[in-house]
>>> print(open('data-v9.cif').read())   # mmCIF, C-alpha atoms and all ligand atoms
data_input
#
loop_
_atom_site.label_atom_id
_atom_site.label_comp_id
_atom_site.auth_asym_id
_atom_site.auth_seq_id
_atom_site.Cartn_x
_atom_site.Cartn_y
_atom_site.Cartn_z
CA MET A 1 70.64 105.73 119.68
CA GLN A 2 69.16 108.37 117.35
CA SER A 3 66.71 107.37 114.63
CA PRO A 4 68.50 105.94 111.58
CA LYS A 5 69.58 108.43 108.94
CA ALA A 6 69.62 108.22 105.15
CA LEU A 7 72.91 107.05 103.68
CA TYR A 8 73.73 107.50 100.00
CA ILE A 9 76.67 105.58 98.60
CA ILE A 10 78.17 107.39 95.63
CA VAL A 11 80.10 105.37 93.10
CA PRO A 12 81.90 107.02 90.14
CA CYS A 13 82.02 104.69 87.15
CA TYR A 14 84.13 105.02 84.04
CA CYS A 15 83.94 102.05 81.69
CA GLU A 16 83.15 99.65 84.49
CA GLU A 17 80.80 97.24 82.68
CA GLU A 18 82.78 94.23 83.86
CA VAL A 19 82.70 95.01 87.55
CA LEU A 20 79.41 96.87 87.89
CA PRO A 21 77.11 93.84 88.32
CA ILE A 22 79.38 92.51 91.08
CA THR A 23 79.50 95.94 92.73
CA ALA A 24 75.72 96.28 92.57
CA ASP A 25 75.24 92.87 94.26
CA THR A 26 77.74 93.68 96.98
CA LEU A 27 76.22 97.08 97.71
CA ARG A 28 72.67 95.72 97.69
CA GLU A 29 73.70 93.28 100.38
CA LYS A 30 75.50 95.95 102.34
CA ILE A 31 72.61 98.40 102.31
CA SER A 32 70.10 95.77 103.34
CA SER A 33 72.34 94.56 106.18
CA LEU A 34 72.75 98.17 107.37
CA LYS A 35 69.00 98.59 107.27
CA THR A 36 68.35 95.44 109.29
CA GLN A 37 70.90 96.54 111.87
CA GLY A 38 68.97 99.80 112.12
CA LEU A 39 72.07 101.79 111.18
CA VAL A 40 70.54 103.55 108.17
CA SER A 41 67.02 104.56 107.18
CA GLY A 42 64.84 103.00 104.50
CA GLU A 43 65.59 105.79 102.01
CA SER A 44 69.25 104.80 101.84
CA ARG A 45 70.46 103.98 98.37
CA VAL A 46 73.34 103.63 95.94
CA VAL A 47 74.00 106.32 93.34
CA PHE A 48 76.12 105.36 90.36
CA VAL A 49 77.69 108.26 88.47
CA ASN A 50 78.45 107.44 84.86
CA ASP A 51 81.49 109.52 83.90
CA GLY A 52 81.06 109.49 80.12
CA SER A 53 81.84 105.80 79.68
CA SER A 54 82.22 104.48 76.16
CA ASP A 55 81.03 100.98 77.04
CA ARG A 56 77.73 99.62 78.39
CA THR A 57 78.12 101.16 81.86
CA TRP A 58 75.13 103.51 81.56
CA GLU A 59 72.91 100.76 80.16
CA ILE A 60 73.72 98.60 83.16
CA ILE A 61 73.03 101.48 85.56
CA SER A 62 69.67 102.26 83.89
CA GLN A 63 68.73 98.60 84.09
CA LEU A 64 69.62 98.43 87.77
CA HIS A 65 67.52 101.51 88.41
CA GLN A 66 64.59 100.13 86.46
CA ASN A 67 64.60 96.88 88.39
CA GLU A 68 65.12 98.42 91.82
CA PRO A 69 64.26 102.14 91.72
CA GLU A 70 64.16 102.29 95.52
CA LEU A 71 67.73 101.07 95.81
CA PHE A 72 69.71 102.20 92.77
CA SER A 73 69.90 105.70 91.31
CA GLY A 74 71.97 106.85 88.36
CA ILE A 75 73.56 110.11 87.29
CA ASP A 76 74.70 110.35 83.70
CA LEU A 77 77.31 113.02 83.00
CA SER A 78 77.33 114.60 79.55
CA ARG A 79 80.95 113.49 78.93
CA ASN A 80 84.02 112.23 80.77
CA PHE A 81 84.88 114.80 83.45
CA GLY A 82 87.38 112.73 85.41
CA HIS A 83 87.13 110.86 88.68
CA GLN A 84 87.19 113.86 91.04
CA ASN A 85 84.49 115.70 89.12
CA ALA A 86 82.33 112.58 88.93
CA VAL A 87 82.52 112.22 92.71
CA LEU A 88 81.67 115.90 93.12
CA ALA A 89 78.74 115.60 90.69
CA GLY A 90 77.34 112.77 92.80
CA LEU A 91 77.76 114.68 96.05
CA MET A 92 76.23 117.89 94.72
CA THR A 93 73.27 116.08 93.20
CA VAL A 94 72.31 114.21 96.37
CA ARG A 95 73.20 116.74 99.03
CA GLU A 96 69.60 117.78 99.63
CA LEU A 97 68.39 114.18 99.73
CA CYS A 98 70.68 112.40 102.17
CA ASP A 99 71.91 112.82 105.74
CA MET A 100 75.32 111.37 104.94
CA ALA A 101 77.12 110.14 101.85
CA ILE A 102 79.96 107.70 101.34
CA THR A 103 82.04 107.90 98.18
CA MET A 104 83.77 104.76 96.99
CA ASP A 105 85.31 103.28 93.83
CA ALA A 106 83.33 101.03 91.55
CA ASP A 107 85.97 98.29 91.54
CA LEU A 108 85.41 97.26 95.19
CA GLN A 109 89.00 98.07 96.10
CA ASP A 110 87.61 100.05 98.99
CA ASP A 111 86.49 97.59 101.63
CA VAL A 112 82.69 97.57 101.75
CA ASP A 113 82.83 96.14 105.27
CA ALA A 114 84.42 99.33 106.54
CA VAL A 115 81.12 101.09 105.80
CA ASP A 116 79.46 99.82 109.03
CA GLU A 117 82.26 101.29 111.10
CA MET A 118 82.10 104.58 109.18
CA VAL A 119 78.38 104.92 109.78
CA LYS A 120 78.80 104.16 113.49
CA ARG A 121 81.47 106.86 113.70
CA PHE A 122 79.04 109.28 112.09
CA TYR A 123 76.51 108.68 114.87
CA GLU A 124 79.29 109.34 117.38
CA GLY A 125 79.36 112.89 116.09
CA ASN A 126 81.97 112.79 113.33
CA GLN A 127 81.07 114.86 110.28
CA VAL A 128 83.83 113.37 108.14
CA VAL A 129 85.13 109.81 108.38
CA TYR A 130 88.23 109.05 106.29
CA GLY A 131 88.81 105.54 105.02
CA VAL A 132 92.53 104.94 105.49
CA ARG A 133 94.20 101.85 104.11
CA SER A 134 96.20 99.98 106.69
CA ALA A 135 98.24 97.89 104.26
CA ARG A 136 99.21 97.83 100.62
CA LYS A 137 99.92 94.14 100.41
CA THR A 138 97.82 93.64 97.31
CA ASP A 139 99.39 96.46 95.29
CA THR A 140 102.31 95.82 93.00
CA PHE A 141 105.64 97.11 94.23
CA PHE A 142 105.53 99.84 91.60
CA LYS A 143 102.06 101.07 92.58
CA ARG A 144 102.95 100.98 96.26
CA PHE A 145 106.20 102.82 95.74
CA THR A 146 104.70 105.53 93.52
CA ALA A 147 101.66 105.97 95.75
CA GLU A 148 103.69 106.25 98.94
CA SER A 149 106.16 108.65 97.36
CA PHE A 150 103.11 110.65 96.27
CA TYR A 151 101.98 111.25 99.86
CA LYS A 152 105.48 112.07 101.04
CA PHE A 153 106.11 114.43 98.16
CA MET A 154 102.76 116.14 98.68
CA LYS A 155 103.61 116.76 102.31
CA ALA A 156 107.08 118.07 101.48
CA MET A 157 105.51 120.41 98.92
CA GLY A 158 103.10 121.84 101.44
CA THR A 159 99.80 120.05 100.73
CA ASP A 160 98.52 118.34 103.82
CA VAL A 161 96.54 115.23 102.98
CA VAL A 162 95.49 112.30 105.16
CA TYR A 163 98.23 109.70 104.63
CA ASN A 164 97.07 106.68 102.63
CA HIS A 165 93.54 108.00 102.29
CA ALA A 166 92.08 108.08 98.79
CA ASP A 167 88.49 109.06 98.10
CA PHE A 168 86.78 106.50 100.30
CA ARG A 169 85.11 108.70 102.89
CA LEU A 170 81.90 109.50 104.65
CA MET A 171 80.66 113.07 104.75
CA SER A 172 77.62 114.47 106.48
CA ALA A 173 75.11 116.51 104.49
CA ARG A 174 76.34 119.51 106.47
CA VAL A 175 79.90 119.05 105.23
CA ILE A 176 78.78 118.44 101.64
CA ASN A 177 76.87 121.71 101.75
CA GLU A 178 80.01 123.46 102.94
CA LEU A 179 81.99 121.76 100.17
CA ALA A 180 79.58 123.34 97.68
CA GLN A 181 81.01 126.73 98.71
CA TYR A 182 84.44 125.74 97.41
CA GLN A 183 84.10 126.76 93.80
CA GLU A 184 87.47 125.74 92.42
CA VAL A 185 87.66 124.08 89.04
CA ASN A 186 90.92 122.23 89.71
CA LEU A 187 89.51 119.66 92.05
CA PHE A 188 91.54 117.71 94.54
CA LEU A 189 89.03 116.49 97.08
CA ARG A 190 91.61 114.90 99.35
CA GLY A 191 93.13 118.29 99.96
CA LEU A 192 89.82 120.12 100.05
CA VAL A 193 87.84 118.08 102.56
CA PRO A 194 90.31 118.54 105.45
CA LEU A 195 90.12 122.30 104.80
CA ILE A 196 86.40 122.29 105.57
CA GLY A 197 87.10 121.26 109.13
CA PHE A 198 84.55 119.79 111.57
CA LYS A 199 85.07 116.76 113.77
CA SER A 200 86.57 113.89 111.82
CA CYS A 201 88.20 110.51 112.38
CA ASN A 202 89.85 107.66 110.47
CA VAL A 203 88.63 104.15 109.85
CA TYR A 204 91.26 101.63 108.76
CA TYR A 205 90.74 99.01 106.09
CA GLU A 206 92.76 96.79 103.83
CA ARG A 207 92.63 97.76 100.21
CA LYS A 208 91.87 94.87 97.92
CA THR A 209 92.71 94.17 94.31
CA ARG A 210 90.25 95.23 91.64
CA ALA A 211 87.24 92.89 91.51
CA ALA A 212 87.23 93.02 87.69
CA GLY A 213 88.35 95.23 84.80
CA GLU A 214 91.45 97.38 84.53
CA SER A 215 92.70 100.47 86.31
CA LYS A 216 91.64 103.78 84.78
CA TYR A 217 94.56 105.52 86.47
CA PRO A 218 97.71 104.92 84.44
CA LEU A 219 100.98 106.49 85.54
CA GLY A 220 100.54 109.61 83.39
CA LYS A 221 97.15 110.40 84.91
CA MET A 222 98.53 109.76 88.39
CA LEU A 223 101.42 112.18 87.83
CA SER A 224 99.15 114.96 86.61
CA PHE A 225 96.90 114.26 89.59
CA ALA A 226 99.87 114.78 91.91
CA VAL A 227 100.90 118.00 90.17
CA ASN A 228 97.32 119.24 90.43
CA GLY A 229 97.20 118.35 94.11
CA ILE A 230 100.33 120.37 94.80
CA THR A 231 99.70 123.40 92.64
CA SER A 232 96.09 123.71 93.80
CA PHE A 233 96.98 123.86 97.46
CA SER A 234 100.46 125.16 97.92
CA THR A 235 102.73 127.92 96.70
CA LYS A 236 105.79 126.18 98.13
CA PRO A 237 107.19 125.29 94.67
CA LEU A 238 107.18 129.00 93.79
CA LYS A 239 109.12 129.76 96.97
CA LEU A 240 111.48 126.94 96.07
CA ILE A 241 112.19 128.65 92.74
CA THR A 242 113.11 131.84 94.57
CA SER A 243 115.48 129.90 96.82
CA ILE A 244 117.08 128.14 93.87
CA GLY A 245 117.44 131.46 92.08
CA PHE A 246 119.13 132.98 95.10
CA PHE A 247 121.45 130.00 95.46
CA MET A 248 122.40 130.19 91.78
CA PHE A 249 123.06 133.89 92.13
CA ILE A 250 125.52 133.30 94.96
CA ILE A 251 127.30 130.60 92.97
CA SER A 252 127.54 132.75 89.86
CA LEU A 253 128.93 135.57 91.98
CA ALA A 254 131.67 133.25 93.22
CA ALA A 255 132.29 132.00 89.67
CA PHE A 256 132.56 135.56 88.46
CA ILE A 257 135.15 136.43 91.08
CA TRP A 258 137.05 133.28 90.26
CA ALA A 259 137.03 134.07 86.53
CA PHE A 260 138.21 137.58 87.27
CA VAL A 261 141.07 136.37 89.45
CA VAL A 262 142.18 133.82 86.85
CA LYS A 263 142.11 136.52 84.20
CA ILE A 264 144.35 138.80 86.30
CA ILE A 265 146.80 136.02 87.13
CA GLY A 266 147.11 135.39 83.41
CA HIS A 267 145.74 131.88 82.85
CA SER A 268 142.66 133.02 80.97
CA GLU A 269 142.10 129.81 78.98
CA LEU A 270 138.99 128.86 80.86
CA GLY A 271 137.64 125.41 80.27
CA TRP A 272 135.15 124.64 77.56
CA SER A 273 133.52 121.90 79.63
CA SER A 274 132.68 124.13 82.57
CA THR A 275 131.06 126.63 80.20
CA MET A 276 129.03 123.92 78.51
CA CYS A 277 127.95 122.43 81.82
CA SER A 278 126.77 125.70 83.21
CA ILE A 279 124.85 126.55 80.04
CA TRP A 280 122.98 123.25 80.20
CA LEU A 281 122.48 123.44 83.92
CA ILE A 282 121.21 127.00 83.99
CA GLY A 283 119.14 126.46 80.85
CA GLY A 284 117.50 123.37 82.26
CA LEU A 285 116.86 125.02 85.58
CA GLN A 286 115.31 128.04 83.91
CA LEU A 287 112.99 125.86 81.85
CA LEU A 288 111.98 123.92 84.94
CA CYS A 289 111.21 127.10 86.84
CA LEU A 290 109.29 128.53 83.91
CA GLY A 291 107.33 125.31 83.75
CA ILE A 292 106.40 125.50 87.42
CA ILE A 293 105.30 129.10 87.05
CA GLY A 294 103.39 128.05 83.93
CA GLU A 295 101.53 125.42 85.96
CA TYR A 296 100.27 128.11 88.28
CA VAL A 297 99.41 130.51 85.46
CA GLY A 298 97.48 127.73 83.75
CA LYS A 299 95.65 127.06 86.99
CA ILE A 300 94.70 130.71 87.33
CA TYR A 301 93.52 130.68 83.72
CA SER A 302 91.17 127.75 84.24
CA GLU A 303 89.90 129.10 87.57
CA VAL A 304 89.21 132.53 86.09
CA LYS A 305 87.01 131.09 83.35
CA HIS A 306 84.91 129.47 86.02
CA ARG A 307 83.45 126.83 83.75
CA PRO A 308 81.03 124.29 85.23
CA ARG A 309 82.85 121.40 86.82
CA PHE A 310 80.41 118.81 85.53
CA THR A 311 77.19 118.65 83.54
CA VAL A 312 74.48 116.22 84.52
CA ALA A 313 72.70 114.89 81.45
CA GLU A 314 70.25 112.72 83.35
CA PHE A 315 69.40 111.85 86.94
CA LEU A 316 67.50 108.64 87.50
CA ASN A 317 66.10 108.73 91.00
CA LYS A 318 63.27 107.00 92.85
CA SER A 319 60.46 105.95 90.55
CA ASP A 320 59.95 109.28 88.79
CA ASP A 321 59.99 108.71 85.05
CA LYS A 322 61.97 111.58 83.67
N1 LIG B 1 86.88 106.88 87.25
C1 LIG B 1 86.02 107.88 86.80
N2 LIG B 1 86.43 108.69 85.76
C2 LIG B 1 87.66 108.57 85.17
C3 LIG B 1 88.55 107.56 85.67
C4 LIG B 1 88.12 106.75 86.71
O1 LIG B 1 84.91 108.03 87.30
O2 LIG B 1 87.96 109.33 84.25
C5 LIG B 1 86.44 106.01 88.37
C6 LIG B 1 86.57 104.52 88.13
O3 LIG B 1 85.43 104.01 87.47
C7 LIG B 1 86.70 103.97 89.54
C8 LIG B 1 87.44 105.09 90.27
O4 LIG B 1 87.27 106.26 89.47
O5 LIG B 1 85.44 103.79 90.15
C9 LIG B 1 88.90 104.78 90.50
O6 LIG B 1 89.51 104.43 89.29
P1 LIG B 1 90.51 103.18 89.15
O7 LIG B 1 90.03 102.04 89.98
O8 LIG B 1 90.68 102.92 87.71
O9 LIG B 1 91.85 103.78 89.76
P2 LIG B 1 92.95 103.01 90.68
O10 LIG B 1 92.20 102.34 91.79
O11 LIG B 1 93.62 102.05 89.79
O12 LIG B 1 93.85 104.10 91.17
MG MG B 2 90.74 101.01 91.52
#
>>> encode(input="data-v9.cif", output="structure tokens")
Amino acid sequence: MQSPKALYIIVPCYCEEEVLPITADTLREKISSLKTQGLVSGESRVVFVNDGSSDRTWEIISQLHQNEPELFSGIDLSRNFGHQNAVLAGLMTVRELCDMAITMDADLQDDVDAVDEMVKRFYEGNQVVYGVRSARKTDTFFKRFTAESFYKFMKAMGTDVVYNHADFRLMSARVINELAQYQEVNLFLRGLVPLIGFKSCNVYYERKTRAAGESKYPLGKMLSFAVNGITSFSTKPLKLITSIGFFMFIISLAAFIWAFVVKIIGHSELGWSSTMCSIWLIGGLQLLCLGIIGEYVGKIYSEVKHRPRFTVAEFLNKSDDK
């Protein structure tokens, strides 16, 4: 086999003080076992990205780094930029330092034991290895239902994502450097990474329950995430509006002819209810369509401004005292 390469594990953290010590212990064990197996090089490490947490998360990360500077690094973002941006900040910061990087959640829901398999797949020549959950036994019915509908809806709306894959994935430094070329502000990494191409494969794992703390993804955030995923990758909803418009036009043409015929026959007392219904229906439909167009206009607006996607306030790495 080739000489072992440097693996960086990137962990976005938002208010994760409860789970962070457990995560750090688990990852310490994992990295050292990978090193003894000769799967990764001695420079391999864990990089925690603090996404503007309001609790003690950054203190814990700094402490971990102080105690074990060769194992734990920390990136402190200047404010909360959101999960996707935190992951991107980690990747962009380490891309010159590592040979491959794995991104995973801080709550240990992503199975740490799948990491071995991912690294092995990397040596087999895969530039991207997707962690795909094989079961959702531990999720509540509601979470499972909404999450699975999410993938189906995304597909129907024209965004191709790897089914049941979240942001647990391995990427080679090569792929991360290509990802840097994708300058969009509205980030949806799950849609973006497959676009980069290169040889890839899936590794299956069972997603666990959160080790500690609460989910930072309530329903509202999840919905806006889905909308972002669709409107950033597909113009199918716009085409759908055109189709609906055409359909409505045909119907109104028929209704017009009908109204005309009734008028000529002499029974011109047309119903109040049908008028009311159509006003509400057409009005609602128009608002919906305007809203969808608005989503795209808003997206263009934020892309055009081209603001930075994250700001690193501090990077604690190795034993350099900055
Ligand atoms: N996260 C983040 N910034 C945010 C929200 C979440 O960095 O604004 C991190 C969080 O710390 C965790 C990961 O994103 O490591 C996934 O979040 P969570 O576990 O709350 O989501 P869920 O698994 O419930 O979908
Ligand atoms: Mg989670």
>>> residues_near_ligand(input="data-v9.cif", ligand="ligand MG 2 (chain B)", cutoff="6 Å", atoms="only C-alpha atoms and all ligand atoms", output="PyMOL selection string")
chain A and resi 107+109+210+215
>>> write_last_selection(input="data-v9.cif", atoms="C-alpha atoms", output="CSV table (one decimal), keeping the file's coordinate frame")
chain,number,residue,atom,x,y,z
A,107,ASP,CA,86.0,98.3,91.5
A,109,GLN,CA,89.0,98.1,96.1
A,210,ARG,CA,90.2,95.2,91.6
A,215,SER,CA,92.7,100.5,86.3
>>> residues_near_ligand(input="data-v9.cif", ligand="ligand LIG 1 (chain B)", cutoff="9 Å", atoms="all atoms listed in the file", output="PyMOL selection string")
chain A and resi 11-16+49-53+80-87+104-110+143+166-167+209-210+213-218+222
>>> closest_residue(input="data-v9.cif", among="A:Glu96, A:Ala313, A:Val112, A:Asn186", to="A:Ile31", atoms="all atoms listed in the file")
A:Val112
>>> closest_residue(input="data-v9.cif", among="A:Arg133, A:Lys5, A:Arg174, A:Lys155", to="A:Asn202", atoms="all atoms listed in the file")
A:Arg133
>>> closest_residue(input="data-v9.cif", among="A:Thr57, A:Ser78, A:Asn177, A:Thr235", to="A:Glu18", atoms="only C-alpha atoms")
A:Thr57
>>> residues_around(input="data-v9.cif", residues="A:Gln286", least_positions_apart="5", cutoff="12 Å", atoms="all atoms listed in the file", output="mmCIF file with C-alpha atoms, in the coordinates of the input")
data_model
loop_
_atom_site.group_PDB
_atom_site.id
_atom_site.type_symbol
_atom_site.label_atom_id
_atom_site.label_comp_id
_atom_site.auth_asym_id
_atom_site.auth_seq_id
_atom_site.Cartn_x
_atom_site.Cartn_y
_atom_site.Cartn_z
ATOM 1 C CA ILE A 241 112.190 128.650 92.740
ATOM 2 C CA THR A 242 113.110 131.840 94.570
ATOM 3 C CA ILE A 244 117.080 128.140 93.870
ATOM 4 C CA GLY A 245 117.440 131.460 92.080
ATOM 5 C CA MET A 248 122.400 130.190 91.780
ATOM 6 C CA SER A 278 126.770 125.700 83.210
ATOM 7 C CA ILE A 279 124.850 126.550 80.040
ATOM 8 C CA TRP A 280 122.980 123.250 80.200
ATOM 9 C CA LEU A 281 122.480 123.440 83.920
ATOM 10 C CA GLY A 291 107.330 125.310 83.750
ATOM 11 C CA ILE A 292 106.400 125.500 87.420
ATOM 12 C CA ILE A 293 105.300 129.100 87.050
ATOM 13 C CA GLY A 294 103.390 128.050 83.930
#
>>> closest_residue(input="data-v9.cif", among="A:Asp160, A:Glu59, A:Asp25, A:Glu206", to="A:Ala114", atoms="only C-alpha atoms")
A:Glu206
>>> atom_distance(input="data-v9.cif", atom1="atom CA of A:Phe168", atom2="atom CA of A:Ala226")
17.6 Å
>>> atom_distance(input="data-v9.cif", atom1="atom CA of A:Tyr151", atom2="atom CA of A:Lys299")
21.3 Å
>>> atom_distance(input="data-v9.cif", atom1="atom CA of A:Val94", atom2="atom CA of A:Val46")
10.6 Å
>>> closest_residue(input="data-v9.cif", among="A:Leu238, A:Leu253, A:Val19, A:Val175", to="A:Leu290", atoms="only C-alpha atoms")
A:Leu238
>>> residues_around(input="data-v9.cif", residues="A:Tyr204", least_positions_apart="3", cutoff="7 Å", atoms="only C-alpha atoms", output="PyMOL selection string")
chain A and resi 131-134
>>> closest_residue(input="data-v9.cif", among="A:Ile282, A:Ile265, A:Val227, A:Leu192", to="A:Met157", atoms="all atoms listed in the file")
A:Val227
>>> residues_around(input="data-v9.cif", residues="A:Val161", least_positions_apart="3", cutoff="12 Å", atoms="all atoms listed in the file", output="list of chain:residue names")
A:Tyr130, A:Val132, A:Phe150, A:Tyr151, A:Lys152, A:Phe153, A:Met154, A:Lys155, A:Ala156, A:Met157, A:Gly158, A:Asn164, A:His165, A:Ala166, A:Asp167, A:Phe188, A:Leu189, A:Arg190, A:Gly191, A:Leu192, A:Val193, A:Pro194, A:Leu195, A:Ala226, A:Gly229, A:Ile230, A:Phe233, A:Ser234
>>> residues_around(input="data-v9.cif", residues="A:Ser41", least_positions_apart="4", cutoff="9 Å", atoms="all atoms listed in the file", output="VMD selection string")
chain A and resid 3 to 7 34 to 35
>>> residues_around(input="data-v9.cif", residues="A:Ile75", least_positions_apart="3", cutoff="9 Å", atoms="only C-alpha atoms", output="ChimeraX atom specification")
/A:47-51,58,61,89-90,93,312-317
